[in-house]
Amino acid sequence: MTEYLDGAVIPTGFDVPVEPLRRAAHYSGEPGCIAQARSFASLFLDQLRTEWCATIGPRADGAVLLVVSELVTNADRHSKGPYILELEGTGASVAVTVYDSSGAVPERFPRDPERVGRHGLEIVHALVETVDVERVPVGKRVRAVVPLTEG
């Protein structure tokens, strides 16, 4: 924010929101949920650009959408019930969190270009700063933090 006092511009130091931008969506597992989750994430990134003045380049934009796709696909494929997608963003990163009803911890397989399928977590790990998996009372929580700055 900027205050104007008798024509003088005084920066107040609060040019960006103090709290991260947070949004969540619930999915039933019906056909089309993965595409809906990607669309939800795309709208979230637009809102992060607007409200946080976040600089999100095409690479970071694509990384967030791909991580959302992979984590939601895993939840859709391996859980018996609905799942929740949570997004939390600042100007520096976006945390993608998926809660589902399966207690099975996802397995990251060793790199193998000849293997067909099961590359989801390998892809996620290549795009993010951190991946955390935690069992929760009704299943598990998978959280991946995507950096928005190149470096």
# chains A, B, ... in the order shown; residues from 1 in each chain; ligands from 1
call {"tool": "select_by_dssp", "arguments": {"residues": "region 12-109 of chain A", "states": "alpha helix (DSSP H)", "output": "ChimeraX atom specification"}}
result
/A:33-52,58-78
call {"tool": "residues_around", "arguments": {"residues": "Arg108 (chain A)", "least_positions_apart": "3", "cutoff": "12 Å", "atoms": "only C-alpha atoms", "output": "ChimeraX atom specification"}}
result
/A:74,105,111-112,117-126,131,133
call {"tool": "residues_around", "arguments": {"residues": "Ala104 (chain A)", "least_positions_apart": "2", "cutoff": "8 Å", "atoms": "only C-alpha atoms", "output": "compact mmCIF listing (two decimals) with C-alpha atoms, in the first residue's frame"}}
result
# COMPACT_ATOMS: atom_id res chain seq x y z
CA SER A 102 -6.17 -44.11 1.08
CA PRO A 106 2.78 -43.35 -2.60
CA GLY A 139 -6.10 -41.38 4.83
CA LYS A 140 -3.09 -39.33 3.79
call {"tool": "atom_distance", "arguments": {"atom1": "CA of Ala95 (chain A)", "atom2": "CA of Pro110 (chain A)"}}
result
24.3 Å
call {"tool": "atom_distance", "arguments": {"atom1": "CA of Asp76 (chain A)", "atom2": "CA of Leu45 (chain A)"}}
result
22.5 Å
call {"tool": "closest_residue", "arguments": {"among": "A:Ala54, A:Ala60, A:Val146, A:Leu127", "to": "Val96 (chain A)", "atoms": "only C-alpha atoms"}}
result
A:Val146
call {"tool": "residues_around", "arguments": {"residues": "Pro147 (chain A)", "least_positions_apart": "4", "cutoff": "12 Å", "atoms": "only C-alpha atoms", "output": "PyMOL selection string"}}
result
chain A and resi 54-57+59-64+67+88-96+126-130+151
call {"tool": "write_last_selection", "arguments": {"atoms": "C-alpha atoms", "output": "mmCIF file, in the first residue's frame"}}
result
data_model
loop_
_atom_site.group_PDB
_atom_site.id
_atom_site.type_symbol
_atom_site.label_atom_id
_atom_site.label_comp_id
_atom_site.auth_asym_id
_atom_site.auth_seq_id
_atom_site.Cartn_x
_atom_site.Cartn_y
_atom_site.Cartn_z
ATOM 1 C CA ALA A 54 3.367 -12.748 -8.298
ATOM 2 C CA THR A 55 5.631 -13.183 -11.282
ATOM 3 C CA ILE A 56 4.797 -16.646 -12.585
ATOM 4 C CA GLY A 57 6.541 -17.585 -15.788
ATOM 5 C CA ARG A 59 7.681 -22.868 -16.724
ATOM 6 C CA ALA A 60 6.432 -22.369 -13.146
ATOM 7 C CA ASP A 61 2.837 -22.155 -14.402
ATOM 8 C CA GLY A 62 3.234 -25.481 -16.198
ATOM 9 C CA ALA A 63 4.981 -27.042 -13.199
ATOM 10 C CA VAL A 64 2.095 -26.176 -10.856
ATOM 11 C CA VAL A 67 2.004 -31.314 -10.086
ATOM 12 C CA GLU A 88 -1.492 -22.058 -0.941
ATOM 13 C CA GLY A 89 0.607 -19.439 -2.674
ATOM 14 C CA THR A 90 2.852 -16.444 -2.198
ATOM 15 C CA GLY A 91 5.093 -14.580 -4.592
ATOM 16 C CA ALA A 92 7.781 -17.236 -4.084
ATOM 17 C CA SER A 93 6.011 -20.605 -4.205
ATOM 18 C CA VAL A 94 2.791 -22.585 -4.457
ATOM 19 C CA ALA A 95 2.087 -25.494 -2.119
ATOM 20 C CA VAL A 96 -0.104 -28.160 -3.714
ATOM 21 C CA ALA A 126 11.793 -33.178 -10.474
ATOM 22 C CA LEU A 127 9.582 -30.066 -10.378
ATOM 23 C CA VAL A 128 9.317 -29.212 -6.688
ATOM 24 C CA GLU A 129 11.414 -28.054 -3.731
ATOM 25 C CA THR A 130 9.904 -30.536 -1.279
ATOM 26 C CA GLY A 151 17.177 -20.668 -9.992
#
call {"tool": "atom_distance", "arguments": {"atom1": "CA of Phe40 (chain A)", "atom2": "CA of Val18 (chain A)"}}
result
22.7 Å
call {"tool": "closest_residue", "arguments": {"among": "A:Ala75, A:Ala35, A:Leu87, A:Ala24", "to": "Asp100 (chain A)", "atoms": "only C-alpha atoms"}}
result
A:Ala75
call {"tool": "residues_around", "arguments": {"residues": "region 79-86 of chain A", "least_positions_apart": "3", "cutoff": "6 Å", "atoms": "only C-alpha atoms", "output": "list in words"}}
result
Arg23, Ala24, Ala25, His26, Tyr27, Ser28, Gly29, Ala75, Thr97, Val98, Tyr99, Asp100, Ser101 and Ser102 of chain A
call {"tool": "closest_residue", "arguments": {"among": "A:Arg143, A:Arg135, A:Arg22, A:Arg38", "to": "Leu66 (chain A)", "atoms": "only C-alpha atoms"}}
result
A:Arg38
call {"tool": "select_by_dssp", "arguments": {"residues": "chain A", "states": "strand (DSSP E)", "output": "count of residues only"}}
result
46
